$ cat start-v2.pdb   # PDB, C-alpha atoms
ATOM      1  CA  MET A   1      91.643  98.856 130.115
ATOM      2  CA  THR A   2      88.756 100.241 132.195
ATOM      3  CA  THR A   3      88.123 103.959 131.803
ATOM      4  CA  ALA A   4      87.171 106.235 134.687
ATOM      5  CA  ARG A   5      84.424 108.782 134.168
ATOM      6  CA  ILE A   6      85.733 112.303 134.843
ATOM      7  CA  ALA A   7      83.740 115.520 135.249
ATOM      8  CA  VAL A   8      85.784 118.455 133.910
ATOM      9  CA  LEU A   9      84.367 121.610 135.480
ATOM     10  CA  ALA A  10      84.462 124.892 133.547
ATOM     11  CA  GLY A  11      83.078 128.402 133.869
ATOM     12  CA  GLY A  12      82.559 129.747 137.359
ATOM     13  CA  TYR A  13      81.159 132.954 138.776
ATOM     14  CA  SER A  14      84.079 135.356 138.318
ATOM     15  CA  SER A  15      85.614 137.554 135.628
ATOM     16  CA  GLU A  16      87.836 134.593 134.725
ATOM     17  CA  TYR A  17      84.878 132.678 133.244
ATOM     18  CA  THR A  18      86.085 132.820 129.634
ATOM     19  CA  ILE A  19      89.664 131.909 130.564
ATOM     20  CA  SER A  20      88.316 128.853 132.370
ATOM     21  CA  LEU A  21      86.484 127.724 129.227
ATOM     22  CA  HIS A  22      89.720 127.937 127.221
ATOM     23  CA  SER A  23      91.611 125.935 129.866
ATOM     24  CA  ALA A  24      88.898 123.288 130.073
ATOM     25  CA  ALA A  25      88.828 122.923 126.290
ATOM     26  CA  GLN A  26      92.533 122.073 126.344
ATOM     27  CA  VAL A  27      92.019 119.578 129.164
ATOM     28  CA  MET A  28      89.258 117.872 127.189
ATOM     29  CA  GLU A  29      91.537 117.707 124.144
ATOM     30  CA  HIS A  30      94.536 116.242 125.975
ATOM     31  CA  LEU A  31      92.950 113.746 128.360
ATOM     32  CA  ASP A  32      93.927 110.192 127.442
ATOM     33  CA  ARG A  33      90.673 108.592 126.208
ATOM     34  CA  ARG A  34      92.128 105.128 126.849
ATOM     35  CA  ARG A  35      92.133 105.955 130.569
ATOM     36  CA  TRP A  36      89.488 108.625 131.038
ATOM     37  CA  GLU A  37      85.960 109.317 129.861
ATOM     38  CA  PRO A  38      85.635 113.105 130.246
ATOM     39  CA  TRP A  39      82.351 115.006 130.520
ATOM     40  CA  LEU A  40      82.472 118.810 130.351
ATOM     41  CA  ILE A  41      80.258 120.277 133.085
ATOM     42  CA  HIS A  42      79.461 124.003 133.013
ATOM     43  CA  ILE A  43      79.276 125.705 136.400
ATOM     44  CA  GLU A  44      77.327 128.974 136.160
ATOM     45  CA  ARG A  45      75.249 131.036 138.570
ATOM     46  CA  GLU A  46      72.180 130.256 136.471
ATOM     47  CA  GLY A  47      72.785 126.524 136.781
ATOM     48  CA  TRP A  48      75.162 123.578 136.499
ATOM     49  CA  TYR A  49      74.750 121.552 133.328
ATOM     50  CA  TRP A  50      76.164 119.237 130.682
ATOM     51  CA  GLU A  51      75.489 120.118 127.065
ATOM     52  CA  SER A  52      74.759 117.220 124.711
ATOM     53  CA  PRO A  53      76.207 117.061 121.173
ATOM     54  CA  GLU A  54      72.764 118.189 119.981
ATOM     55  CA  GLY A  55      72.961 121.304 122.164
ATOM     56  CA  LYS A  56      70.534 120.163 124.871
ATOM     57  CA  LYS A  57      71.420 121.293 128.386
ATOM     58  CA  VAL A  58      71.007 118.648 131.082
ATOM     59  CA  ALA A  59      70.979 120.023 134.631
ATOM     60  CA  VAL A  60      73.252 118.440 137.204
ATOM     61  CA  ASP A  61      71.462 116.914 140.186
ATOM     62  CA  ARG A  62      73.328 118.694 142.974
ATOM     63  CA  ASN A  63      72.115 116.212 145.591
ATOM     64  CA  ASP A  64      74.717 113.719 144.390
ATOM     65  CA  PHE A  65      76.419 115.488 141.435
ATOM     66  CA  SER A  66      74.916 113.204 138.816
ATOM     67  CA  LEU A  67      73.337 113.659 135.387
ATOM     68  CA  PRO A  68      69.819 112.256 134.884
ATOM     69  CA  LEU A  69      69.867 111.037 131.286
ATOM     70  CA  PRO A  70      67.242 108.951 129.445
ATOM     71  CA  GLN A  71      69.634 105.984 129.273
ATOM     72  CA  GLY A  72      70.307 106.171 133.009
ATOM     73  CA  ARG A  73      71.853 108.314 135.710
ATOM     74  CA  ILE A  74      75.502 109.262 135.087
ATOM     75  CA  THR A  75      77.829 109.459 138.091
ATOM     76  CA  PHE A  76      81.515 110.338 138.163
ATOM     77  CA  ASP A  77      84.625 108.592 139.465
ATOM     78  CA  ALA A  78      86.463 111.883 139.932
ATOM     79  CA  VAL A  79      86.154 115.598 139.275
ATOM     80  CA  MET A  80      88.720 117.939 137.729
ATOM     81  CA  PRO A  81      87.903 121.587 138.504
ATOM     82  CA  VAL A  82      89.307 123.906 135.831
ATOM     83  CA  ILE A  83      87.606 126.997 137.243
ATOM     84  CA  HIS A  84      89.786 130.031 137.938
ATOM     85  CA  GLY A  85      88.268 132.103 140.720
ATOM     86  CA  THR A  86      85.094 131.354 142.650
ATOM     87  CA  PRO A  87      83.700 128.736 143.242
ATOM     88  CA  GLY A  88      86.490 126.544 141.851
ATOM     89  CA  GLU A  89      89.615 128.027 143.382
ATOM     90  CA  ASP A  90      88.399 129.270 146.763
ATOM     91  CA  GLY A  91      87.436 125.982 148.420
ATOM     92  CA  LEU A  92      83.663 126.097 147.834
ATOM     93  CA  LEU A  93      83.435 123.289 145.293
ATOM     94  CA  GLN A  94      86.132 121.343 147.107
ATOM     95  CA  SER A  95      84.015 121.385 150.280
ATOM     96  CA  TYR A  96      80.986 120.215 148.297
ATOM     97  CA  PHE A  97      82.867 117.249 146.826
ATOM     98  CA  GLU A  98      84.361 116.400 150.218
ATOM     99  CA  MET A  99      80.830 116.096 151.622
ATOM    100  CA  LEU A 100      79.749 113.909 148.697
ATOM    101  CA  GLY A 101      82.876 111.762 148.936
ATOM    102  CA  ILE A 102      83.813 112.283 145.280
ATOM    103  CA  PRO A 103      87.560 112.472 144.549
ATOM    104  CA  TYR A 104      88.747 115.710 142.943
ATOM    105  CA  THR A 105      92.009 117.078 141.643
ATOM    106  CA  GLY A 106      93.861 119.928 143.291
ATOM    107  CA  CYS A 107      94.073 121.403 146.759
ATOM    108  CA  ASP A 108      91.721 120.654 149.640
ATOM    109  CA  PRO A 109      89.146 123.204 150.887
ATOM    110  CA  PHE A 110      91.381 124.810 153.502
ATOM    111  CA  VAL A 111      94.412 125.246 151.244
ATOM    112  CA  SER A 112      92.208 126.509 148.405
ATOM    113  CA  ALA A 113      90.576 129.111 150.664
ATOM    114  CA  LEU A 114      93.888 130.169 152.199
ATOM    115  CA  THR A 115      95.722 130.633 148.903
ATOM    116  CA  PHE A 116      92.753 132.384 147.291
ATOM    117  CA  ASN A 117      92.955 135.031 150.019
ATOM    118  CA  LYS A 118      96.185 136.741 148.989
ATOM    119  CA  TYR A 119      96.634 138.657 152.246
ATOM    120  CA  ALA A 120      96.042 135.632 154.506
ATOM    121  CA  CYS A 121      98.391 133.549 152.372
ATOM    122  CA  LYS A 122     101.122 136.184 152.648
ATOM    123  CA  LEU A 123     100.787 136.270 156.449
ATOM    124  CA  TYR A 124     100.917 132.468 156.613
ATOM    125  CA  LEU A 125     104.040 132.248 154.461
ATOM    126  CA  GLU A 126     105.794 135.053 156.336
ATOM    127  CA  LYS A 127     105.666 132.800 159.417
ATOM    128  CA  HIS A 128     107.528 130.221 157.324
ATOM    129  CA  HIS A 129     110.282 132.688 156.358
ATOM    130  CA  VAL A 130     109.078 133.441 152.831
ATOM    131  CA  ALA A 131     109.833 137.009 151.701
ATOM    132  CA  THR A 132     106.727 139.077 150.922
ATOM    133  CA  ALA A 133     106.311 142.783 150.203
ATOM    134  CA  SER A 134     104.860 145.086 152.869
ATOM    135  CA  SER A 135     101.100 145.310 152.498
ATOM    136  CA  LEU A 136      97.820 146.497 153.995
ATOM    137  CA  LEU A 137      94.337 145.001 153.798
ATOM    138  CA  VAL A 138      91.379 147.289 153.101
ATOM    139  CA  ARG A 139      87.767 146.115 153.422
ATOM    140  CA  LYS A 140      84.866 147.517 151.433
ATOM    141  CA  VAL A 141      82.527 148.682 154.191
ATOM    142  CA  PRO A 142      80.019 151.545 154.327
ATOM    143  CA  GLY A 143      81.889 154.825 154.463
ATOM    144  CA  TRP A 144      85.275 153.278 153.631
ATOM    145  CA  ILE A 145      88.170 155.684 153.138
ATOM    146  CA  PRO A 146      91.706 155.075 151.892
ATOM    147  CA  PRO A 147      93.912 153.993 154.818
ATOM    148  CA  ASP A 148      97.042 155.691 156.070
ATOM    149  CA  THR A 149      99.846 153.845 154.280
ATOM    150  CA  GLY A 150     102.410 155.009 156.847
ATOM    151  CA  ASP A 151     105.983 154.595 155.653
ATOM    152  CA  MET A 152     105.082 152.486 152.602
ATOM    153  CA  ARG A 153     106.932 153.856 149.599
ATOM    154  CA  TYR A 154     105.349 154.659 146.251
ATOM    155  CA  PRO A 155     104.771 153.268 143.698
ATOM    156  CA  LEU A 156     102.255 150.889 145.232
ATOM    157  CA  PHE A 157     100.098 148.119 143.825
ATOM    158  CA  VAL A 158      96.407 148.043 144.659
ATOM    159  CA  LYS A 159      94.693 144.759 143.868
ATOM    160  CA  PRO A 160      91.667 142.696 144.815
ATOM    161  CA  ASN A 161      92.358 140.300 147.655
ATOM    162  CA  THR A 162      90.427 137.454 146.012
ATOM    163  CA  SER A 163      90.722 137.621 142.249
ATOM    164  CA  GLY A 164      92.978 136.383 139.478
ATOM    165  CA  SER A 165      94.278 137.194 135.992
ATOM    166  CA  SER A 166      95.166 140.712 137.239
ATOM    167  CA  PHE A 167      91.560 141.893 137.077
ATOM    168  CA  GLY A 168      91.158 145.094 139.081
ATOM    169  CA  VAL A 169      94.897 145.654 139.636
ATOM    170  CA  SER A 170      96.435 149.151 139.539
ATOM    171  CA  LYS A 171      99.930 150.521 139.982
ATOM    172  CA  ILE A 172      99.810 153.970 141.519
ATOM    173  CA  ALA A 173     102.496 156.628 141.863
ATOM    174  CA  ALA A 174     100.906 159.051 144.345
ATOM    175  CA  PRO A 175      98.259 159.197 147.112
ATOM    176  CA  ARG A 176      95.812 161.042 144.845
ATOM    177  CA  GLU A 177      95.460 157.878 142.758
ATOM    178  CA  MET A 178      94.532 155.673 145.706
ATOM    179  CA  MET A 179      90.764 156.233 145.753
ATOM    180  CA  GLY A 180      90.279 155.337 142.089
ATOM    181  CA  ALA A 181      92.518 152.267 142.393
ATOM    182  CA  LEU A 182      90.577 150.985 145.410
ATOM    183  CA  ARG A 183      87.258 151.479 143.629
ATOM    184  CA  LYS A 184      88.598 149.441 140.722
ATOM    185  CA  ALA A 185      89.768 146.660 143.053
ATOM    186  CA  PHE A 186      86.432 146.631 144.888
ATOM    187  CA  GLU A 187      84.674 145.837 141.603
ATOM    188  CA  GLU A 188      86.268 142.373 141.845
ATOM    189  CA  SER A 189      86.411 141.757 145.597
ATOM    190  CA  ASP A 190      85.114 143.137 148.889
ATOM    191  CA  GLU A 191      88.710 143.329 150.094
ATOM    192  CA  ALA A 192      91.771 144.948 148.541
ATOM    193  CA  ILE A 193      95.497 144.787 149.207
ATOM    194  CA  ILE A 194      97.810 147.758 149.058
ATOM    195  CA  GLU A 195     101.297 146.394 148.464
ATOM    196  CA  GLU A 196     104.747 147.894 148.023
ATOM    197  CA  PHE A 197     106.283 147.605 144.573
ATOM    198  CA  VAL A 198     109.327 145.345 144.369
ATOM    199  CA  LYS A 199     111.602 146.038 141.413
ATOM    200  CA  GLY A 200     113.018 142.906 139.854
ATOM    201  CA  THR A 201     112.384 140.063 137.434
ATOM    202  CA  GLU A 202     108.914 138.499 137.441
ATOM    203  CA  VAL A 203     109.061 134.719 137.340
ATOM    204  CA  SER A 204     106.527 131.917 137.661
ATOM    205  CA  CYS A 205     107.172 128.287 138.551
ATOM    206  CA  GLY A 206     104.833 125.296 138.326
ATOM    207  CA  VAL A 207     104.949 122.389 140.782
ATOM    208  CA  LEU A 208     103.256 118.986 140.966
ATOM    209  CA  LYS A 209     103.858 116.452 143.733
ATOM    210  CA  THR A 210     102.218 113.051 143.957
ATOM    211  CA  ALA A 211     102.831 110.098 146.249
ATOM    212  CA  ASP A 212     105.683 108.835 144.077
ATOM    213  CA  ARG A 213     106.744 111.736 141.858
ATOM    214  CA  GLU A 214     107.820 115.352 142.227
ATOM    215  CA  ILE A 215     107.921 117.722 139.264
ATOM    216  CA  VAL A 216     109.227 121.268 139.632
ATOM    217  CA  PHE A 217     109.060 122.927 136.241
ATOM    218  CA  PRO A 218     111.667 125.311 134.802
ATOM    219  CA  PRO A 219     110.548 128.813 135.800
ATOM    220  CA  THR A 220     109.201 131.259 133.247
ATOM    221  CA  GLU A 221     110.465 134.829 133.005
ATOM    222  CA  ILE A 222     107.701 137.323 132.279
ATOM    223  CA  VAL A 223     108.544 140.532 130.421
ATOM    224  CA  SER A 224     105.493 142.753 130.035
ATOM    225  CA  LYS A 225     105.366 145.486 127.427
ATOM    226  CA  LYS A 226     102.982 147.341 129.716
ATOM    227  CA  GLU A 227     103.853 148.838 133.088
ATOM    228  CA  PHE A 228     103.073 145.515 134.743
ATOM    229  CA  PHE A 229     101.720 142.087 133.794
ATOM    230  CA  ASP A 230      98.033 143.033 133.709
ATOM    231  CA  TYR A 231      95.114 141.255 132.032
ATOM    232  CA  GLU A 232      95.807 142.816 128.631
ATOM    233  CA  ALA A 233      99.481 141.843 128.786
ATOM    234  CA  LYS A 234      98.597 138.294 129.829
ATOM    235  CA  TYR A 235      96.052 137.577 127.130
ATOM    236  CA  THR A 236      96.909 139.853 124.196
ATOM    237  CA  GLU A 237      99.393 138.445 121.715
ATOM    238  CA  GLY A 238     102.586 140.475 121.537
ATOM    239  CA  MET A 239     101.991 142.383 124.792
ATOM    240  CA  ALA A 240     104.352 140.228 126.857
ATOM    241  CA  GLU A 241     107.193 137.769 126.499
ATOM    242  CA  GLU A 242     107.006 134.565 128.536
ATOM    243  CA  ILE A 243     110.456 133.014 128.354
ATOM    244  CA  THR A 244     110.944 129.425 129.515
ATOM    245  CA  PRO A 245     113.366 128.707 131.041
ATOM    246  CA  ALA A 246     113.965 132.147 132.527
ATOM    247  CA  ARG A 247     117.110 133.973 131.430
ATOM    248  CA  LEU A 248     118.745 133.689 134.828
ATOM    249  CA  PRO A 249     121.946 132.145 136.188
ATOM    250  CA  GLU A 250     121.533 128.473 137.040
ATOM    251  CA  GLU A 251     121.843 129.092 140.778
ATOM    252  CA  ARG A 252     118.916 131.537 140.672
ATOM    253  CA  ILE A 253     116.847 129.154 138.573
ATOM    254  CA  GLU A 254     117.380 126.545 141.283
ATOM    255  CA  LEU A 255     116.566 129.087 144.010
ATOM    256  CA  ILE A 256     113.196 129.793 142.378
ATOM    257  CA  ARG A 257     112.467 126.084 141.956
ATOM    258  CA  GLU A 258     113.441 125.273 145.537
ATOM    259  CA  THR A 259     111.345 128.135 146.921
ATOM    260  CA  ALA A 260     108.301 127.154 144.850
ATOM    261  CA  SER A 261     108.651 123.544 146.006
ATOM    262  CA  TYR A 262     109.004 124.674 149.619
ATOM    263  CA  ILE A 263     105.883 126.852 149.406
ATOM    264  CA  TYR A 264     103.921 123.969 147.845
ATOM    265  CA  SER A 265     104.885 121.701 150.752
ATOM    266  CA  VAL A 266     104.459 124.282 153.520
ATOM    267  CA  LEU A 267     100.927 125.070 152.314
ATOM    268  CA  GLY A 268     100.063 121.407 151.786
ATOM    269  CA  CYS A 269      99.133 121.843 148.127
ATOM    270  CA  ARG A 270      97.957 119.076 145.818
ATOM    271  CA  GLY A 271      97.754 118.869 142.052
ATOM    272  CA  ILE A 272      99.351 121.355 139.672
ATOM    273  CA  VAL A 273     100.134 124.690 141.317
ATOM    274  CA  ARG A 274     101.899 127.768 139.964
ATOM    275  CA  VAL A 275     103.827 130.116 142.265
ATOM    276  CA  ASP A 276     104.638 133.680 141.161
ATOM    277  CA  PHE A 277     107.595 135.736 142.382
ATOM    278  CA  ILE A 278     109.574 138.898 141.825
ATOM    279  CA  LEU A 279     113.248 137.997 141.918
ATOM    280  CA  GLN A 280     115.313 140.854 143.319
ATOM    281  CA  GLY A 281     118.964 139.925 143.622
ATOM    282  CA  ASN A 282     119.047 136.618 145.482
ATOM    283  CA  THR A 283     115.616 137.064 147.053
ATOM    284  CA  PRO A 284     112.465 135.619 145.489
ATOM    285  CA  TRP A 285     109.651 137.860 146.750
ATOM    286  CA  PHE A 286     106.404 135.909 146.854
ATOM    287  CA  LEU A 287     103.453 137.317 144.884
ATOM    288  CA  GLU A 288     100.745 134.636 144.894
ATOM    289  CA  VAL A 289      99.857 130.966 144.483
ATOM    290  CA  ASN A 290      97.573 129.805 141.673
ATOM    291  CA  THR A 291      96.029 126.498 142.734
ATOM    292  CA  ILE A 292      94.124 126.090 139.440
ATOM    293  CA  PRO A 293      96.525 127.701 136.976
ATOM    294  CA  GLY A 294      95.616 128.318 133.367
ATOM    295  CA  LEU A 295      95.960 125.337 131.020
ATOM    296  CA  SER A 296      95.031 126.976 127.709
ATOM    297  CA  ARG A 297      97.400 127.108 124.744
ATOM    298  CA  GLU A 298      98.525 130.567 125.862
ATOM    299  CA  SER A 299      99.082 129.589 129.507
ATOM    300  CA  ILE A 300     102.393 129.187 131.308
ATOM    301  CA  ILE A 301     102.056 125.628 132.657
ATOM    302  CA  PRO A 302     101.722 123.903 129.233
ATOM    303  CA  ARG A 303     104.860 125.701 128.045
ATOM    304  CA  GLN A 304     106.783 124.740 131.152
ATOM    305  CA  ALA A 305     105.657 121.130 130.745
ATOM    306  CA  GLN A 306     106.895 121.118 127.149
ATOM    307  CA  VAL A 307     110.337 122.412 128.164
ATOM    308  CA  PHE A 308     110.461 119.953 131.076
ATOM    309  CA  GLY A 309     109.713 117.135 128.643
ATOM    310  CA  ILE A 310     106.314 115.902 129.783
ATOM    311  CA  SER A 311     103.208 115.899 127.606
ATOM    312  CA  MET A 312      99.926 117.402 128.750
ATOM    313  CA  LYS A 313      98.358 113.954 128.384
ATOM    314  CA  GLU A 314     100.859 112.439 130.819
ATOM    315  CA  LEU A 315     100.629 115.397 133.174
ATOM    316  CA  LEU A 316      96.834 115.239 133.411
ATOM    317  CA  THR A 317      96.994 111.478 133.954
ATOM    318  CA  LEU A 318      99.386 111.957 136.871
ATOM    319  CA  VAL A 319      97.011 114.472 138.448
ATOM    320  CA  LEU A 320      93.945 112.240 138.066
ATOM    321  CA  GLU A 321      95.747 109.125 139.290
ATOM    322  CA  ASP A 322      96.857 111.047 142.364
ATOM    323  CA  ALA A 323      93.274 112.198 143.068
ATOM    324  CA  LEU A 324      91.877 108.678 142.716
ATOM    325  CA  SER A 325      94.616 107.224 144.933
ATOM    326  CA  ARG A 326      93.356 109.383 147.831
ATOM    327  CA  ARG A 327      89.944 107.669 147.944
TER     328      ARG A 327
END
$ encode --input "start-v2.pdb" --output "structure tokens"
Amino acid sequence: MTTARIAVLAGGYSSEYTISLHSAAQVMEHLDRRRWEPWLIHIEREGWYWESPEGKKVAVDRNDFSLPLPQGRITFDAVMPVIHGTPGEDGLLQSYFEMLGIPYTGCDPFVSALTFNKYACKLYLEKHHVATASSLLVRKVPGWIPPDTGDMRYPLFVKPNTSGSSFGVSKIAAPREMMGALRKAFEESDEAIIEEFVKGTEVSCGVLKTADREIVFPPTEIVSKKEFFDYEAKYTEGMAEEITPARLPEERIELIRETASYIYSVLGCRGIVRVDFILQGNTPWFLEVNTIPGLSRESIIPRQAQVFGISMKELLTLVLEDALSRR
């Protein structure tokens, strides 16, 4: 069987750098070596490179995304970005690979950019009858001041408009806390969202659709031991319970799955995507879409795949086959 050479991209330019490395390590471990020949490529502001077993860093030739090695130039049949945040999740790398004509896994440049911008994504989905909490967008400009939140009711969430893993997110109970929360959000993004708090059950649902298969995973119920599911709760053992499948009546499980599948299709997603909600009664309130969700041992998607009954090896093969079929 012929193997295809795959560039697995890790790192990135955001606060999610370390999380990306953990996800990429799991991808490298689970890729089927009978089908794929994976090369781990580090994407950093200081340079893009492959590190040899001897520890030598070989710079990527960005003219054609190849590796100039003594034994010859290495090119790739496909690319698998495993970069959470910029430039892997916001459409920048996707645009680059589109111009080079190299197949890649995941969403196209437009969908990546749209979903990475939480506020724009909310507005888009509202037009398609998806429930979202009331929100305001605030831009970091010279002389910025906290906006008038009108009839929005406290508590409110303040979060970066383009960031993941709950970096820079605050839950505030009164107007006096707004300035500090916005400053914190602006450390991660030049735009921030102020959003009404929705009380309910936090759930997350993974989806993958290819030309001949549709997988909607059993949703995960998230129970944080902190006030909300922040970075510490996500990545500190014992700070949150992630229960798969969620402890919900079957009809609400199906409602979450159907809504996640609908959002995937309405946005035109590709690859593995995770959609987060707050379920309040019979209404799943949309939070965000993760177009390159975490794939580390601690992440939600691998657990959902296990409960669904599909191995990570098979799942990654489906994703790569789908990318190569779009050549």
$ resolve_selection --input "start-v2.pdb" --expression "the PyMOL selection byres ((chain A and resi 37) around 9)" --output "ChimeraX atom specification"
/A:3-7,31-36,38-39
$ write_last_selection --input "start-v2.pdb" --atoms "C-alpha atoms" --output "CSV table (one decimal), in the coordinates of the input"
chain,number,residue,atom,x,y,z
A,3,THR,CA,88.1,104.0,131.8
A,4,ALA,CA,87.2,106.2,134.7
A,5,ARG,CA,84.4,108.8,134.2
A,6,ILE,CA,85.7,112.3,134.8
A,7,ALA,CA,83.7,115.5,135.2
A,31,LEU,CA,93.0,113.7,128.4
A,32,ASP,CA,93.9,110.2,127.4
A,33,ARG,CA,90.7,108.6,126.2
A,34,ARG,CA,92.1,105.1,126.8
A,35,ARG,CA,92.1,106.0,130.6
A,36,TRP,CA,89.5,108.6,131.0
A,38,PRO,CA,85.6,113.1,130.2
A,39,TRP,CA,82.4,115.0,130.5
$ residues_near_point --input "start-v2.pdb" --point "(102.4, 124.8, 134.1)" --cutoff "12 Å" --atoms "all atoms listed in the file" --output "NGL selection string"
:A and (23 or 204-208 or 215-220 or 244 or 271-276 or 290-312 or 315-316)
$ closest_residue --input "start-v2.pdb" --among "A:His22, A:His42, A:His84, A:Lys122" --to "Leu267 (chain A)" --atoms "all atoms listed in the file"
A:Lys122
$ residues_around --input "start-v2.pdb" --residues "region 67-77 of chain A" --least-positions-apart "3" --cutoff "12 Å" --atoms "all atoms listed in the file" --output "VMD selection string"
chain A and resid 2 to 9 35 to 41 48 to 52 56 to 64 80 97 100 to 105 320 to 321 323 to 325 327
$ axis_aligned_box --input "start-v2.pdb" --around "region 12-15 of chain A" --padding-each-side "5 Å" --output "lines of an AutoDock Vina configuration file"
center_x = 83.4
center_y = 133.7
center_z = 137.2
size_x = 14.5
size_y = 17.8
size_z = 13.1
$ resolve_selection --input "start-v2.pdb" --expression "the PyMOL selection byres ((chain A and resi 95) around 12)" --output "list of chain:residue names"
A:Pro87, A:Gly88, A:Glu89, A:Asp90, A:Gly91, A:Leu92, A:Leu93, A:Gln94, A:Tyr96, A:Phe97, A:Glu98, A:Met99, A:Leu100, A:Gly101, A:Ile102, A:Pro103, A:Tyr104, A:Cys107, A:Asp108, A:Pro109, A:Phe110, A:Val111, A:Ser112, A:Ala113
$ closest_residue --input "start-v2.pdb" --among "A:Ile256, A:Met152, A:Ile19, A:Ile193" --to "Ala174 (chain A)" --atoms "all atoms listed in the file"
A:Met152
$ atom_distance --input "start-v2.pdb" --atom1 "CA of Phe197 (chain A)" --atom2 "CA of Ile172 (chain A)"
9.6 Å
$ resolve_selection --input "start-v2.pdb" --expression "the PyMOL selection byres ((chain A and resi 155-169) around 6)" --output "list in words"
Phe116, Asn117, Lys118, Tyr154, Ser170, Lys171, Ile172, Ala173, Lys184, Ala185, Ser189, Glu191, Ala192, Ile193, Ile194, Glu195, Glu196, Phe197, Asp230 and Tyr231 of chain A
$ build_atoms --input "start-v2.pdb" --residues "region 56-71 of chain A" --atoms "N, CA and C atoms" --output "PDB file, in the coordinates of the input"
ATOM      1  N   LYS A  56      71.483 120.185 123.762  1.00  0.00           N
ATOM      2  CA  LYS A  56      70.534 120.163 124.871  1.00  0.00           C
ATOM      3  C   LYS A  56      71.273 120.247 126.201  1.00  0.00           C
ATOM      4  N   LYS A  57      70.811 121.134 127.070  1.00  0.00           N
ATOM      5  CA  LYS A  57      71.420 121.293 128.386  1.00  0.00           C
ATOM      6  C   LYS A  57      70.724 120.395 129.403  1.00  0.00           C
ATOM      7  N   VAL A  58      71.528 119.553 130.054  1.00  0.00           N
ATOM      8  CA  VAL A  58      71.007 118.648 131.082  1.00  0.00           C
ATOM      9  C   VAL A  58      71.515 119.125 132.439  1.00  0.00           C
ATOM     10  N   ALA A  59      70.602 119.480 133.331  1.00  0.00           N
ATOM     11  CA  ALA A  59      70.979 120.023 134.631  1.00  0.00           C
ATOM     12  C   ALA A  59      71.589 118.946 135.510  1.00  0.00           C
ATOM     13  N   VAL A  60      72.632 119.326 136.228  1.00  0.00           N
ATOM     14  CA  VAL A  60      73.252 118.440 137.204  1.00  0.00           C
ATOM     15  C   VAL A  60      72.347 118.329 138.426  1.00  0.00           C
ATOM     16  N   ASP A  61      72.158 117.118 138.912  1.00  0.00           N
ATOM     17  CA  ASP A  61      71.462 116.914 140.186  1.00  0.00           C
ATOM     18  C   ASP A  61      72.479 117.177 141.294  1.00  0.00           C
ATOM     19  N   ARG A  62      72.332 118.301 141.979  1.00  0.00           N
ATOM     20  CA  ARG A  62      73.328 118.694 142.974  1.00  0.00           C
ATOM     21  C   ARG A  62      73.233 117.876 144.259  1.00  0.00           C
ATOM     22  N   ASN A  63      72.201 117.064 144.412  1.00  0.00           N
ATOM     23  CA  ASN A  63      72.115 116.212 145.591  1.00  0.00           C
ATOM     24  C   ASN A  63      73.240 115.187 145.626  1.00  0.00           C
ATOM     25  N   ASP A  64      73.635 114.704 144.441  1.00  0.00           N
ATOM     26  CA  ASP A  64      74.717 113.719 144.390  1.00  0.00           C
ATOM     27  C   ASP A  64      75.690 113.967 143.240  1.00  0.00           C
ATOM     28  N   PHE A  65      75.600 115.109 142.585  1.00  0.00           N
ATOM     29  CA  PHE A  65      76.419 115.488 141.435  1.00  0.00           C
ATOM     30  C   PHE A  65      76.342 114.410 140.351  1.00  0.00           C
ATOM     31  N   SER A  66      75.141 114.172 139.883  1.00  0.00           N
ATOM     32  CA  SER A  66      74.916 113.204 138.816  1.00  0.00           C
ATOM     33  C   SER A  66      74.134 113.864 137.686  1.00  0.00           C
ATOM     34  N   LEU A  67      74.091 113.179 136.546  1.00  0.00           N
ATOM     35  CA  LEU A  67      73.337 113.659 135.387  1.00  0.00           C
ATOM     36  C   LEU A  67      72.195 112.689 135.098  1.00  0.00           C
ATOM     37  N   PRO A  68      70.950 113.131 135.208  1.00  0.00           N
ATOM     38  CA  PRO A  68      69.819 112.256 134.884  1.00  0.00           C
ATOM     39  C   PRO A  68      69.569 112.231 133.383  1.00  0.00           C
ATOM     40  N   LEU A  69      70.029 111.186 132.732  1.00  0.00           N
ATOM     41  CA  LEU A  69      69.867 111.037 131.286  1.00  0.00           C
ATOM     42  C   LEU A  69      68.847 109.945 130.980  1.00  0.00           C
ATOM     43  N   PRO A  70      68.242 109.976 129.799  1.00  0.00           N
ATOM     44  CA  PRO A  70      67.242 108.951 129.445  1.00  0.00           C
ATOM     45  C   PRO A  70      67.785 107.523 129.559  1.00  0.00           C
ATOM     46  N   GLN A  71      69.069 107.324 129.230  1.00  0.00           N
ATOM     47  CA  GLN A  71      69.634 105.984 129.273  1.00  0.00           C
ATOM     48  C   GLN A  71      70.083 105.573 130.673  1.00  0.00           C
TER      49      GLN A  71
END
